[in-house]
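This is structure-v9.txt. It holds compact mmCIF, C-alpha atoms.
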```txt
# COMPACT_ATOMS: atom_id res chain seq x y z
CA MET A 1125 65.33 95.75 93.52
CA GLY A 1126 62.89 96.83 96.20
CA GLU A 1127 63.31 97.66 99.84
CA GLY A 1128 62.15 94.19 100.89
CA GLU A 1129 64.87 92.47 98.87
CA PHE A 1130 67.50 94.81 100.24
CA LEU A 1131 66.40 94.12 103.81
CA PHE A 1132 66.58 90.38 103.04
CA LEU A 1133 70.20 90.85 101.95
CA LEU A 1134 70.92 92.75 105.16
CA ALA A 1135 69.43 89.89 107.19
CA GLY A 1136 71.86 87.60 105.34
CA LEU A 1137 74.68 90.02 106.09
CA LYS A 1138 73.85 89.74 109.78
CA TRP A 1139 74.40 85.96 109.58
CA THR A 1140 77.64 86.43 107.68
CA ILE A 1141 78.93 88.66 110.46
CA ALA A 1142 77.68 86.26 113.14
CA LEU A 1143 79.32 83.24 111.47
CA SER A 1144 82.60 85.13 111.02
CA ALA A 1145 82.55 86.26 114.65
CA ILE A 1146 81.79 82.77 116.01
CA GLY A 1147 84.40 81.18 113.75
CA PHE A 1148 87.02 83.75 114.67
CA VAL A 1149 86.44 83.71 118.45
CA GLY A 1150 85.92 79.93 118.69
CA GLY A 1151 88.77 79.30 116.29
CA GLY A 1152 90.94 81.74 118.25
CA VAL A 1153 90.45 79.90 121.53
CA ALA A 1154 90.98 76.45 119.95
CA GLY A 1155 93.78 77.82 117.77
CA LEU A 1156 95.69 79.03 120.82
CA GLY A 1157 95.48 75.48 122.15
CA VAL A 1158 96.71 74.11 118.81
CA ALA A 1159 99.60 76.59 118.73
CA LEU A 1160 100.64 75.77 122.31
CA LEU A 1161 100.52 72.01 121.68
CA ARG A 1162 102.37 72.48 118.38
CA THR A 1163 105.22 74.23 120.23
CA SER A 1164 105.02 72.14 123.41
CA GLY A 1165 108.26 70.25 122.74
CA ILE A 1166 106.43 66.92 123.20
CA PRO A 1167 107.06 65.07 119.88
CA MET A 1168 103.80 63.10 119.98
CA LEU A 1169 101.60 66.18 120.51
CA GLU A 1170 103.56 68.17 117.97
CA ARG A 1171 103.07 65.49 115.33
CA ILE A 1172 99.33 65.24 116.00
CA THR A 1173 98.78 69.00 115.81
CA ALA A 1174 101.00 69.23 112.72
CA SER A 1175 98.80 66.63 110.99
CA TYR A 1176 95.66 68.45 112.15
CA ILE A 1177 96.94 71.67 110.58
CA ALA A 1178 98.09 69.91 107.39
CA LEU A 1179 94.67 68.27 107.05
CA PHE A 1180 92.86 71.61 107.11
CA GLN A 1181 95.40 73.41 104.96
CA GLY A 1182 95.45 70.64 102.36
CA THR A 1183 91.70 70.33 101.77
CA PRO A 1184 89.12 72.81 100.46
CA LEU A 1185 87.09 74.70 103.06
CA LEU A 1186 83.96 73.59 101.20
CA MET A 1187 84.83 69.91 101.83
CA GLN A 1188 85.54 70.65 105.49
CA LEU A 1189 82.08 72.17 105.82
CA PHE A 1190 80.44 69.21 104.04
CA VAL A 1191 82.26 66.59 106.12
CA VAL A 1192 81.57 68.36 109.44
CA TYR A 1193 77.96 69.06 108.46
CA TYR A 1194 77.16 65.47 107.48
CA GLY A 1195 79.58 63.94 109.99
CA LEU A 1196 77.80 65.56 112.94
CA ALA A 1197 74.42 64.34 111.66
CA LEU A 1198 75.93 60.88 111.33
CA LEU A 1199 77.03 60.95 114.95
CA GLY A 1200 73.34 61.30 115.79
CA LEU A 1201 73.59 64.97 116.73
CA ARG A 1202 70.49 66.85 115.64
CA LEU A 1203 71.90 70.32 115.22
CA ASP A 1204 70.57 73.42 113.53
CA ALA A 1205 72.28 74.12 110.23
CA TRP A 1206 73.92 77.25 111.61
CA VAL A 1207 75.44 75.37 114.56
CA ALA A 1208 76.92 72.71 112.28
CA VAL A 1209 78.31 75.34 109.93
CA ALA A 1210 79.67 77.38 112.86
CA ILE A 1211 81.48 74.28 114.15
CA GLY A 1212 82.96 73.77 110.69
CA PHE A 1213 84.30 77.33 110.57
CA THR A 1214 85.61 77.07 114.13
CA LEU A 1215 87.64 73.95 113.30
CA HIS A 1216 88.90 75.54 110.09
CA ALA A 1217 89.94 78.72 111.88
CA SER A 1218 91.58 76.80 114.74
CA ALA A 1219 93.94 75.07 112.30
CA TYR A 1220 94.87 78.24 110.38
CA LEU A 1221 95.20 80.45 113.47
CA GLY A 1222 97.11 77.65 115.23
CA GLU A 1223 99.65 77.64 112.39
CA ILE A 1224 99.92 81.44 112.29
CA TRP A 1225 100.45 81.62 116.04
CA ARG A 1226 102.91 78.71 116.04
CA GLY A 1227 105.02 80.74 113.63
CA SER A 1228 104.76 83.80 115.87
CA ILE A 1229 105.64 81.88 119.02
CA GLU A 1230 108.71 80.48 117.28
CA ALA A 1231 109.59 83.94 115.97
CA VAL A 1232 110.06 85.24 119.52
CA PRO A 1233 113.85 85.18 120.07
CA ARG A 1234 115.07 82.07 121.87
CA GLY A 1235 116.83 84.15 124.48
CA GLN A 1236 113.44 85.17 125.85
CA THR A 1237 112.54 81.56 126.64
CA GLU A 1238 115.99 80.91 128.09
CA ALA A 1239 115.84 84.03 130.25
CA ALA A 1240 112.36 83.08 131.51
CA LYS A 1241 113.61 79.59 132.35
CA ALA A 1242 116.69 81.02 134.08
CA LEU A 1243 114.35 83.13 136.21
CA SER A 1244 112.60 79.81 136.99
CA LEU A 1245 109.25 81.03 135.72
CA SER A 1246 106.64 78.29 135.40
CA TYR A 1247 105.43 77.25 131.92
CA VAL A 1248 102.18 79.16 132.38
CA SER A 1249 103.89 82.34 133.49
CA ARG A 1250 106.59 82.02 130.82
CA MET A 1251 103.94 81.78 128.11
CA LYS A 1252 101.43 84.26 129.55
CA ASP A 1253 103.83 86.98 130.66
CA VAL A 1254 106.84 86.63 128.36
CA ILE A 1255 106.29 84.75 125.10
CA LEU A 1256 102.63 85.27 124.12
CA PRO A 1257 102.52 89.08 124.52
CA GLN A 1258 105.43 89.32 122.07
CA ALA A 1259 104.06 86.59 119.80
CA ILE A 1260 100.66 88.32 119.56
CA ARG A 1261 102.34 91.52 118.35
CA ILE A 1262 104.20 89.57 115.68
CA SER A 1263 101.11 87.64 114.61
CA LEU A 1264 98.71 90.58 114.28
CA PRO A 1265 99.08 91.30 110.54
CA ALA A 1266 98.65 87.63 109.58
CA THR A 1267 95.76 87.23 112.04
CA VAL A 1268 93.90 90.19 110.53
CA GLY A 1269 94.66 88.76 107.09
CA PHE A 1270 93.10 85.47 108.12
CA LEU A 1271 90.00 87.23 109.46
CA VAL A 1272 89.46 88.67 105.96
CA GLN A 1273 89.87 85.17 104.53
CA LEU A 1274 87.37 83.81 107.06
CA ILE A 1275 84.74 86.45 106.26
CA LYS A 1276 85.07 85.61 102.57
CA GLY A 1277 85.01 81.90 103.45
CA THR A 1278 81.63 82.17 105.20
CA SER A 1279 80.15 82.61 101.71
CA LEU A 1280 80.64 78.85 101.26
CA ALA A 1281 77.97 78.22 103.89
CA ALA A 1282 75.65 79.19 101.01
CA ILE A 1283 76.56 75.98 99.13
CA VAL A 1284 75.81 73.90 102.23
CA GLY A 1285 72.39 75.55 102.22
CA PHE A 1286 72.67 78.09 105.00
CA THR A 1287 71.15 81.49 104.26
CA GLU A 1288 73.89 84.02 104.81
CA LEU A 1289 74.73 86.96 102.55
CA THR A 1290 75.70 85.03 99.40
CA ARG A 1291 72.74 82.66 99.55
CA ALA A 1292 70.44 85.57 100.29
CA GLY A 1293 71.85 87.10 97.12
CA ASN A 1294 71.15 83.88 95.25
CA ILE A 1295 67.55 83.82 96.43
CA VAL A 1296 66.93 87.48 95.61
CA SER A 1297 68.56 87.12 92.19
CA ASN A 1298 66.26 84.18 91.40
CA GLN A 1299 63.27 86.29 92.40
CA ILE A 1300 63.97 89.48 90.50
CA PHE A 1301 66.12 88.15 87.62
CA GLN A 1302 68.81 90.80 88.03
CA PRO A 1303 71.80 88.67 88.98
CA LEU A 1304 74.39 91.30 88.09
CA THR A 1305 72.83 94.02 90.24
CA VAL A 1306 72.34 91.63 93.14
CA PHE A 1307 75.80 90.08 93.07
CA ALA A 1308 77.46 93.46 92.55
CA LEU A 1309 75.66 94.63 95.68
CA VAL A 1310 76.54 91.46 97.58
CA GLY A 1311 80.18 91.86 96.50
CA ALA A 1312 80.12 95.50 97.60
CA LEU A 1313 78.85 94.50 101.06
CA TYR A 1314 81.68 91.96 101.44
CA PHE A 1315 84.13 94.58 100.20
CA LEU A 1316 82.93 97.08 102.81
CA MET A 1317 83.61 94.50 105.54
CA CYS A 1318 86.94 93.21 104.25
CA TRP A 1319 88.66 96.25 102.77
CA PRO A 1320 89.04 98.25 106.01
CA LEU A 1321 90.47 95.13 107.65
CA SER A 1322 92.90 94.61 104.77
CA ILE A 1323 94.05 98.22 105.02
CA TYR A 1324 94.47 97.84 108.78
CA GLY A 1325 96.47 94.63 108.28
CA ALA A 1326 98.77 96.28 105.72
CA HIS A 1327 99.20 99.23 108.09
CA LEU A 1328 100.21 96.89 110.94
CA GLU A 1329 102.65 95.09 108.68
CA ARG A 1330 104.34 98.34 107.63
CA ARG A 1331 104.57 99.51 111.23
CA PHE A 1332 106.22 96.27 112.36
CA ALA A 1333 108.56 96.34 109.39
CA VAL A 1334 109.70 99.81 110.45
CA SER A 1335 110.03 99.00 114.14
CA SER A 1336 112.05 95.84 113.55
CA ARG A 1337 114.49 97.50 111.18
CA MET B 1403 74.85 55.56 116.84
CA ASN B 1404 73.10 53.15 114.55
CA TYR B 1405 74.24 54.42 111.21
CA GLN B 1406 76.00 51.95 108.94
CA LEU B 1407 78.71 53.44 106.74
CA ASP B 1408 78.21 52.25 103.18
CA PHE B 1409 80.90 52.99 100.64
CA THR B 1410 79.28 51.07 97.76
CA PRO B 1411 78.17 54.24 95.88
CA VAL B 1412 81.70 55.63 96.30
CA ILE B 1413 83.31 52.47 94.95
CA GLU B 1414 80.86 52.28 92.06
CA GLY B 1415 81.48 55.94 91.29
CA MET B 1416 85.26 55.61 91.58
CA PRO B 1417 86.00 55.75 87.81
CA ALA B 1418 83.89 58.90 87.51
CA LEU B 1419 85.58 60.42 90.56
CA LEU B 1420 89.08 59.62 89.31
CA SER B 1421 88.44 61.15 85.89
CA ALA B 1422 86.90 64.15 87.64
CA CYS B 1423 90.32 64.65 89.27
CA LEU B 1424 91.57 65.38 85.76
CA GLY B 1425 88.83 67.99 85.47
CA THR B 1426 90.08 69.54 88.69
CA PHE B 1427 93.64 69.56 87.32
CA THR B 1428 92.47 71.13 84.07
CA LEU B 1429 90.69 73.91 85.95
CA ALA B 1430 93.71 74.43 88.20
CA LEU B 1431 96.27 74.49 85.36
CA GLY B 1432 94.10 76.76 83.20
CA GLY B 1433 93.53 79.06 86.15
CA MET B 1434 97.26 79.16 86.96
CA ALA B 1435 98.26 79.92 83.37
CA LEU B 1436 95.75 82.75 83.15
CA ALA B 1437 96.80 83.99 86.61
CA ILE B 1438 100.45 84.22 85.51
CA VAL B 1439 99.51 86.14 82.36
CA ILE B 1440 97.30 88.54 84.34
CA GLY B 1441 99.98 88.74 87.03
CA ILE B 1442 102.79 89.75 84.67
CA GLY B 1443 100.58 92.08 82.65
CA GLY B 1444 99.24 93.61 85.85
CA VAL B 1445 102.73 94.26 87.22
CA VAL B 1446 103.78 95.99 83.99
CA LEU B 1447 100.71 98.24 84.14
CA ARG B 1448 100.96 98.68 87.91
CA ASP B 1449 104.45 100.17 87.61
CA SER B 1450 103.84 102.06 84.37
CA HIS B 1451 104.05 105.83 84.05
CA PHE B 1452 100.39 106.05 83.05
CA ALA B 1453 98.51 106.94 86.22
CA PRO B 1454 95.03 105.62 85.23
CA ALA B 1455 96.56 102.19 84.45
CA ARG B 1456 98.24 102.11 87.86
CA TRP B 1457 95.00 103.11 89.52
CA LEU B 1458 93.01 100.53 87.58
CA VAL B 1459 95.33 97.64 88.54
CA LYS B 1460 95.34 98.74 92.18
CA SER B 1461 91.53 98.80 92.31
CA PHE B 1462 91.33 95.44 90.54
CA VAL B 1463 93.65 93.83 93.10
CA GLU B 1464 91.79 95.30 96.08
CA LEU B 1465 88.40 94.42 94.64
CA ILE B 1466 89.29 90.77 94.00
CA ARG B 1467 91.17 90.25 97.24
CA ASN B 1468 88.36 91.61 99.39
CA THR B 1469 85.38 89.73 97.93
CA PRO B 1470 84.62 85.99 98.09
CA PHE B 1471 85.48 83.79 95.12
CA LEU B 1472 81.94 82.40 95.14
CA VAL B 1473 80.46 85.87 94.55
CA GLN B 1474 83.09 86.52 91.84
CA ILE B 1475 82.29 83.33 89.97
CA TYR B 1476 78.53 83.99 90.14
CA PHE B 1477 79.08 87.50 88.85
CA ILE B 1478 81.28 86.35 85.97
CA TYR B 1479 78.90 83.51 85.20
CA PHE B 1480 76.01 85.94 84.75
CA ALA B 1481 78.05 88.81 83.31
CA LEU B 1482 79.72 86.96 80.40
CA PRO B 1483 76.48 86.16 78.51
CA LEU B 1484 75.36 89.78 78.90
CA ALA B 1485 78.70 90.82 77.38
CA GLY B 1486 77.87 88.56 74.43
CA VAL B 1487 80.25 85.76 75.44
CA ARG B 1488 78.54 82.38 75.60
CA LEU B 1489 80.74 79.83 77.34
CA ASP B 1490 80.24 76.49 79.05
CA PRO B 1491 80.56 76.46 82.85
CA THR B 1492 84.04 74.91 82.71
CA PRO B 1493 85.76 77.66 80.63
CA THR B 1494 83.85 80.21 82.71
CA ALA B 1495 85.34 78.64 85.83
CA VAL B 1496 88.86 78.86 84.34
CA ILE B 1497 88.34 82.57 83.67
CA ALA B 1498 87.07 83.16 87.21
CA LEU B 1499 89.98 81.20 88.71
CA GLY B 1500 92.47 83.08 86.51
CA ILE B 1501 91.08 86.46 87.50
CA ASN B 1502 91.09 85.55 91.17
CA GLY B 1503 94.57 84.02 91.09
CA GLY B 1504 95.82 86.88 88.91
CA ALA B 1505 95.03 89.50 91.56
CA TYR B 1506 97.14 87.60 94.09
CA ALA B 1507 99.86 86.91 91.49
CA ILE B 1508 100.19 90.65 90.77
CA GLU B 1509 101.06 91.36 94.40
CA ILE B 1510 103.46 88.41 94.63
CA ILE B 1511 105.29 89.07 91.34
CA ARG B 1512 105.54 92.77 92.13
CA GLY B 1513 107.28 91.91 95.39
CA GLY B 1514 109.78 89.78 93.47
CA VAL B 1515 110.55 92.51 90.97
CA GLN B 1516 111.05 95.05 93.72
CA SER B 1517 113.44 92.71 95.54
CA ILE B 1518 116.06 93.21 92.79
CA SER B 1519 118.09 96.29 93.49
CA LYS B 1520 119.44 98.46 90.70
CA GLY B 1521 122.96 98.16 92.08
CA GLN B 1522 122.96 94.41 91.32
CA ILE B 1523 122.21 95.06 87.65
CA GLU B 1524 124.90 97.74 87.47
CA ALA B 1525 127.38 95.43 89.18
CA GLY B 1526 126.60 92.69 86.66
CA LEU B 1527 127.18 95.04 83.74
CA ALA B 1528 130.38 96.34 85.34
CA LEU B 1529 131.64 92.74 85.58
CA GLY B 1530 131.29 92.54 81.81
CA LEU B 1531 128.21 90.32 81.66
CA HIS B 1532 126.13 90.54 78.54
CA LYS B 1533 122.71 92.22 78.87
CA ALA B 1534 120.95 88.90 78.31
CA GLN B 1535 123.14 87.28 80.96
CA VAL B 1536 122.36 90.08 83.40
CA PHE B 1537 118.65 89.59 82.82
CA ARG B 1538 118.82 85.80 83.15
CA LEU B 1539 121.23 85.48 86.06
CA ILE B 1540 120.73 88.67 88.02
CA VAL B 1541 117.15 89.68 87.39
CA LEU B 1542 115.09 86.65 86.44
CA LYS B 1543 116.52 83.85 88.56
CA PRO B 1544 116.67 85.71 91.89
CA ALA B 1545 113.22 87.18 91.24
CA LEU B 1546 111.80 83.73 90.54
CA ARG B 1547 113.59 82.40 93.60
CA ALA B 1548 112.05 85.16 95.71
CA ILE B 1549 108.49 84.65 94.51
CA PHE B 1550 108.51 80.87 94.04
CA PRO B 1551 107.37 79.83 97.55
CA SER B 1552 104.48 82.28 97.81
CA LEU B 1553 103.42 81.87 94.18
CA THR B 1554 103.30 78.08 94.41
CA SER B 1555 101.43 78.03 97.73
CA GLN B 1556 98.97 80.40 96.09
CA PHE B 1557 98.65 77.85 93.30
CA VAL B 1558 97.91 75.05 95.75
CA LEU B 1559 95.26 77.30 97.29
CA LEU B 1560 93.86 77.97 93.81
CA THR B 1561 93.63 74.22 93.21
CA LEU B 1562 91.62 73.80 96.41
CA THR B 1563 89.47 76.75 95.32
CA THR B 1564 88.43 74.83 92.18
CA SER B 1565 85.96 72.95 94.42
CA ILE B 1566 83.87 76.16 94.57
CA CYS B 1567 83.43 75.96 90.79
CA SER B 1568 80.89 73.22 91.50
CA ALA B 1569 78.52 76.11 92.28
CA ILE B 1570 78.18 76.78 88.54
CA SER B 1571 78.47 73.01 87.87
CA ALA B 1572 81.81 73.15 86.09
CA TYR B 1573 83.30 69.71 85.48
CA GLU B 1574 85.51 68.89 88.44
CA LEU B 1575 85.75 66.61 91.47
CA THR B 1576 83.24 68.31 93.78
CA SER B 1577 80.43 68.56 91.24
CA VAL B 1578 80.82 64.89 90.28
CA ALA B 1579 80.80 64.01 93.98
CA GLN B 1580 77.64 66.07 94.48
CA ARG B 1581 75.98 64.15 91.68
CA ILE B 1582 76.88 60.80 93.28
CA GLU B 1583 75.74 62.13 96.63
CA SER B 1584 72.35 63.25 95.38
CA ASP B 1585 71.82 59.83 93.76
CA SER B 1586 72.83 57.81 96.81
CA PHE B 1587 72.37 60.11 99.87
CA ARG B 1588 75.68 58.73 101.19
CA SER B 1589 76.85 62.31 101.87
CA PHE B 1590 79.49 61.64 104.49
CA GLU B 1591 81.07 58.73 102.63
CA VAL B 1592 81.24 60.62 99.33
CA PHE B 1593 82.55 63.91 100.68
CA GLY B 1594 84.88 62.20 103.15
CA THR B 1595 86.47 60.25 100.29
CA ILE B 1596 86.99 63.20 98.01
CA THR B 1597 88.36 65.23 100.91
CA LEU B 1598 91.16 62.65 100.98
CA PHE B 1599 91.51 63.04 97.19
CA TYR B 1600 92.05 66.76 97.65
CA LEU B 1601 94.56 66.08 100.42
CA VAL B 1602 96.55 63.83 98.08
CA ILE B 1603 96.30 66.34 95.21
CA SER B 1604 97.60 69.24 97.29
CA TRP B 1605 100.33 67.07 98.84
CA VAL B 1606 101.54 65.92 95.41
CA MET B 1607 101.55 69.52 94.19
CA MET B 1608 103.57 70.69 97.19
CA ARG B 1609 106.12 67.88 96.74
CA PHE B 1610 106.38 68.69 93.03
CA PHE B 1611 106.97 72.39 93.68
CA ALA B 1612 109.49 71.57 96.42
CA LEU B 1613 111.41 69.36 93.98
CA ILE B 1614 111.50 72.11 91.36
CA SER B 1615 112.61 74.57 93.99
CA ALA B 1616 115.42 72.28 95.16
CA ARG B 1617 116.50 71.56 91.58
CA TYR B 1618 116.46 75.05 90.10
CA PHE B 1619 116.31 77.63 92.86
CA SER B 1620 118.61 76.38 95.57
CA TYR B 1621 121.87 78.20 96.14
CA PRO B 1622 124.96 76.10 95.38
CA VAL B 1623 126.49 77.07 98.71
CA LYS B 1624 124.37 78.08 101.66
```
Can I see the file as structure tokens?
Amino acid sequence: MGEGEFLFLLAGLKWTIALSAIGFVGGGVAGLGVALLRTSGIPMLERITASYIALFQGTPLLMQLFVVYYGLALLGLRLDAWVAVAIGFTLHASAYLGEIWRGSIEAVPRGQTEAAKALSLSYVSRMKDVILPQAIRISLPATVGFLVQLIKGTSLAAIVGFTELTRAGNIVSNQIFQPLTVFALVGALYFLMCWPLSIYGAHLERRFAVSSR
Amino acid sequence: MNYQLDFTPVIEGMPALLSACLGTFTLALGGMALAIVIGIGGVVLRDSHFAPARWLVKSFVELIRNTPFLVQIYFIYFALPLAGVRLDPTPTAVIALGINGGAYAIEIIRGGVQSISKGQIEAGLALGLHKAQVFRLIVLKPALRAIFPSLTSQFVLLTLTTSICSAISAYELTSVAQRIESDSFRSFEVFGTITLFYLVISWVMMRFFALISARYFSYPVK
């Protein structure tokens, strides 16, 4: 494998990182909304968000990407492939992060909500100043774990036809007929992104386990 | 929007799609079976006294858990023939699914084994239980109870992962759908329909596992 092929892989890597970042940030913002609606105490909204989460957790990410990709085109939106794929990952991440953060919000002891209400804090202040700061701490290990899952998931954009790291690997391997070398290298690049995050997540988990004992 | 939804290709392809669901189940079941074998074997090696074995299992788990399944299945797909093993895409997919699921199963099963404290076993023996009874009632059942929820949700995830096996054109739902799609160009209709199929499949699996859990792993008195 020559320098040109390697640089092509790195260009794909750049898109993998960009897709992961967009999906994580966009999904984080939307996911916070999902989590807040899911714990809002309004039965109607809770049911809708619960179904939204169940829909994304009960179907393959690949199908979600296909349906969003072709669904947007069907709505008459002429979008670049990367925008359509990024929207797909954002929706996917919003459901998973919404569920993780719902669990964390509910894991904050009830007394905290009651105390905030007794102090007649508004909903916004109760969430922003009391509940969410504690919930975020609780949710960190699972959130980091999901980020790893999301980075790995961006590889599926390759099947939709978007040239990120895995598809770049596919293209290079078809050119130079060394699939094992190429995919070992591609795997190593993913590993270098995901492994430090996994270690960090495990470290956070251990620390919380100690502090809550 | 002036696009007319047309489900005719989906309806015409329905028999093929429904039998492809069996292909998906075959992949999932094969993958699960292999994952359990790798999981149990991995735990035995992981906690053995032979340091290289421990190190090997640890690296295997980290390697699989931190790389995408798609890259793994491509690698296995190209690596098996070089190792002299010629297999169809479908058995190759089962191997890839089993290896992937196995890495997760090792971590889950290991957690279950570690949740049994030695004092429980000693207490069982002190109460005059037979060794086999101790293993069945004090080791196996609580360990299974501890790992059942995470192991089965991992299995549901593995079933959804089978859709990625379409990348090497193994026989399952997604690859059959892709064939119908490329013949008819009704992409949204085809993929929308099989998305619902997957939703039903994962829901049925979750209900099934919940029933088993309620039947065999619930405590008599809470």
Counting all atoms listed in the file, chain A residues within 8 Å of chain B, as a PDB file with C-alpha atoms, in the frame of the given file:
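The resulting file, out.pdb, is shown below:
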```
ATOM      1  CA  LEU A1179      94.670  68.270 107.050  1.00  0.00           C
ATOM      2  CA  GLY A1182      95.450  70.640 102.360  1.00  0.00           C
ATOM      3  CA  THR A1183      91.700  70.330 101.770  1.00  0.00           C
ATOM      4  CA  PRO A1184      89.120  72.810 100.460  1.00  0.00           C
ATOM      5  CA  LEU A1186      83.960  73.590 101.200  1.00  0.00           C
ATOM      6  CA  MET A1187      84.830  69.910 101.830  1.00  0.00           C
ATOM      7  CA  GLN A1188      85.540  70.650 105.490  1.00  0.00           C
ATOM      8  CA  PHE A1190      80.440  69.210 104.040  1.00  0.00           C
ATOM      9  CA  VAL A1191      82.260  66.590 106.120  1.00  0.00           C
ATOM     10  CA  TYR A1194      77.160  65.470 107.480  1.00  0.00           C
ATOM     11  CA  GLY A1195      79.580  63.940 109.990  1.00  0.00           C
ATOM     12  CA  LEU A1198      75.930  60.880 111.330  1.00  0.00           C
ATOM     13  CA  LEU A1199      77.030  60.950 114.950  1.00  0.00           C
ATOM     14  CA  GLY A1200      73.340  61.300 115.790  1.00  0.00           C
ATOM     15  CA  VAL A1272      89.460  88.670 105.960  1.00  0.00           C
ATOM     16  CA  LYS A1276      85.070  85.610 102.570  1.00  0.00           C
ATOM     17  CA  GLY A1277      85.010  81.900 103.450  1.00  0.00           C
ATOM     18  CA  SER A1279      80.150  82.610 101.710  1.00  0.00           C
ATOM     19  CA  LEU A1280      80.640  78.850 101.260  1.00  0.00           C
ATOM     20  CA  ILE A1283      76.560  75.980  99.130  1.00  0.00           C
ATOM     21  CA  THR A1290      75.700  85.030  99.400  1.00  0.00           C
ATOM     22  CA  PRO A1303      71.800  88.670  88.980  1.00  0.00           C
ATOM     23  CA  LEU A1304      74.390  91.300  88.090  1.00  0.00           C
ATOM     24  CA  PHE A1307      75.800  90.080  93.070  1.00  0.00           C
ATOM     25  CA  ALA A1308      77.460  93.460  92.550  1.00  0.00           C
ATOM     26  CA  VAL A1310      76.540  91.460  97.580  1.00  0.00           C
ATOM     27  CA  GLY A1311      80.180  91.860  96.500  1.00  0.00           C
ATOM     28  CA  ALA A1312      80.120  95.500  97.600  1.00  0.00           C
ATOM     29  CA  TYR A1314      81.680  91.960 101.440  1.00  0.00           C
ATOM     30  CA  PHE A1315      84.130  94.580 100.200  1.00  0.00           C
ATOM     31  CA  CYS A1318      86.940  93.210 104.250  1.00  0.00           C
ATOM     32  CA  TRP A1319      88.660  96.250 102.770  1.00  0.00           C
ATOM     33  CA  SER A1322      92.900  94.610 104.770  1.00  0.00           C
TER      34      SER A1322
END
```
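Note that CA of Met1416 (chain B) and CA of Phe1587 (chain B) are 16.0 Å apart.
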### Within-12 Å shell of (73.4, 88.6, 108.3) in input frame, only C-alpha atoms, as an NGL selection string
:A and (1130-1145 or 1206 or 1275 or 1278-1279 or 1286-1293 or 1310 or 1313-1314)
### CA of Gly1165 (chain A) to CA of Ala1239 (chain A), straight-line distance in Å
17.4 Å
### Message
Taking (89.5, 71.4, 112.3) as a centre in this file's frame and 7 Å as the limit, can you find every polymer residue with an atom that close, using all atoms listed in the file, and give them as an MDAnalysis selection string?
### Response
chainID A and resid 1176 1180 1215:1216 1218:1219
Given the selection you just returned, output its residues as a file containing C-alpha atoms, formatted as a PDB file, in the coordinates of the input.
```pdb
ATOM      1  CA  TYR A1176      95.660  68.450 112.150  1.00  0.00           C
ATOM      2  CA  PHE A1180      92.860  71.610 107.110  1.00  0.00           C
ATOM      3  CA  LEU A1215      87.640  73.950 113.300  1.00  0.00           C
ATOM      4  CA  HIS A1216      88.900  75.540 110.090  1.00  0.00           C
ATOM      5  CA  SER A1218      91.580  76.800 114.740  1.00  0.00           C
ATOM      6  CA  ALA A1219      93.940  75.070 112.300  1.00  0.00           C
TER       7      ALA A1219
END
```
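As for CA of Ser1517 (chain B) and CA of Gln1181 (chain A), they are spaced 28.0 Å apart.
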What are the centre and the three edge lengths of an axis-aligned box that wraps all atoms of region 1548-1552 of chain B in the file, given that 8 Å is added to every side, written as JSON and rounded to one decimal in Å?
```
{"center_x": 108.3, "center_y": 82.5, "center_z": 95.9, "size_x": 23.6, "size_y": 21.3, "size_z": 19.8}
```
Written record: region 1159-1184 of chain A, C-alpha atoms, as a PDB file, in the first residue's frame:
```pdb
ATOM      1  CA  ALA A1159     -35.045  12.730  28.055  1.00  0.00           C
ATOM      2  CA  LEU A1160     -36.855  15.783  29.462  1.00  0.00           C
ATOM      3  CA  LEU A1161     -40.100  14.933  27.645  1.00  0.00           C
ATOM      4  CA  ARG A1162     -39.759  11.292  28.698  1.00  0.00           C
ATOM      5  CA  THR A1163     -39.594  12.366  32.366  1.00  0.00           C
ATOM      6  CA  SER A1164     -42.006  15.294  32.059  1.00  0.00           C
ATOM      7  CA  GLY A1165     -44.822  13.582  33.974  1.00  0.00           C
ATOM      8  CA  ILE A1166     -47.231  14.295  31.091  1.00  0.00           C
ATOM      9  CA  PRO A1167     -48.530  10.807  30.100  1.00  0.00           C
ATOM     10  CA  MET A1168     -49.101  11.689  26.435  1.00  0.00           C
ATOM     11  CA  LEU A1169     -45.579  13.064  25.906  1.00  0.00           C
ATOM     12  CA  GLU A1170     -44.036  10.224  27.865  1.00  0.00           C
ATOM     13  CA  ARG A1171     -45.786   7.648  25.703  1.00  0.00           C
ATOM     14  CA  ILE A1172     -44.726   9.339  22.468  1.00  0.00           C
ATOM     15  CA  THR A1173     -41.073   9.606  23.499  1.00  0.00           C
ATOM     16  CA  ALA A1174     -41.129   6.032  24.826  1.00  0.00           C
ATOM     17  CA  SER A1175     -42.332   4.824  21.414  1.00  0.00           C
ATOM     18  CA  TYR A1176     -39.703   6.967  19.675  1.00  0.00           C
ATOM     19  CA  ILE A1177     -36.983   5.348  21.778  1.00  0.00           C
ATOM     20  CA  ALA A1178     -38.423   1.835  21.313  1.00  0.00           C
ATOM     21  CA  LEU A1179     -38.549   2.376  17.544  1.00  0.00           C
ATOM     22  CA  PHE A1180     -34.842   3.207  17.350  1.00  0.00           C
ATOM     23  CA  GLN A1181     -33.772   0.557  19.839  1.00  0.00           C
ATOM     24  CA  GLY A1182     -35.822  -2.147  18.119  1.00  0.00           C
ATOM     25  CA  THR A1183     -34.571  -1.653  14.555  1.00  0.00           C
ATOM     26  CA  PRO A1184     -31.101  -1.971  13.016  1.00  0.00           C
TER      27      PRO A1184
END
```
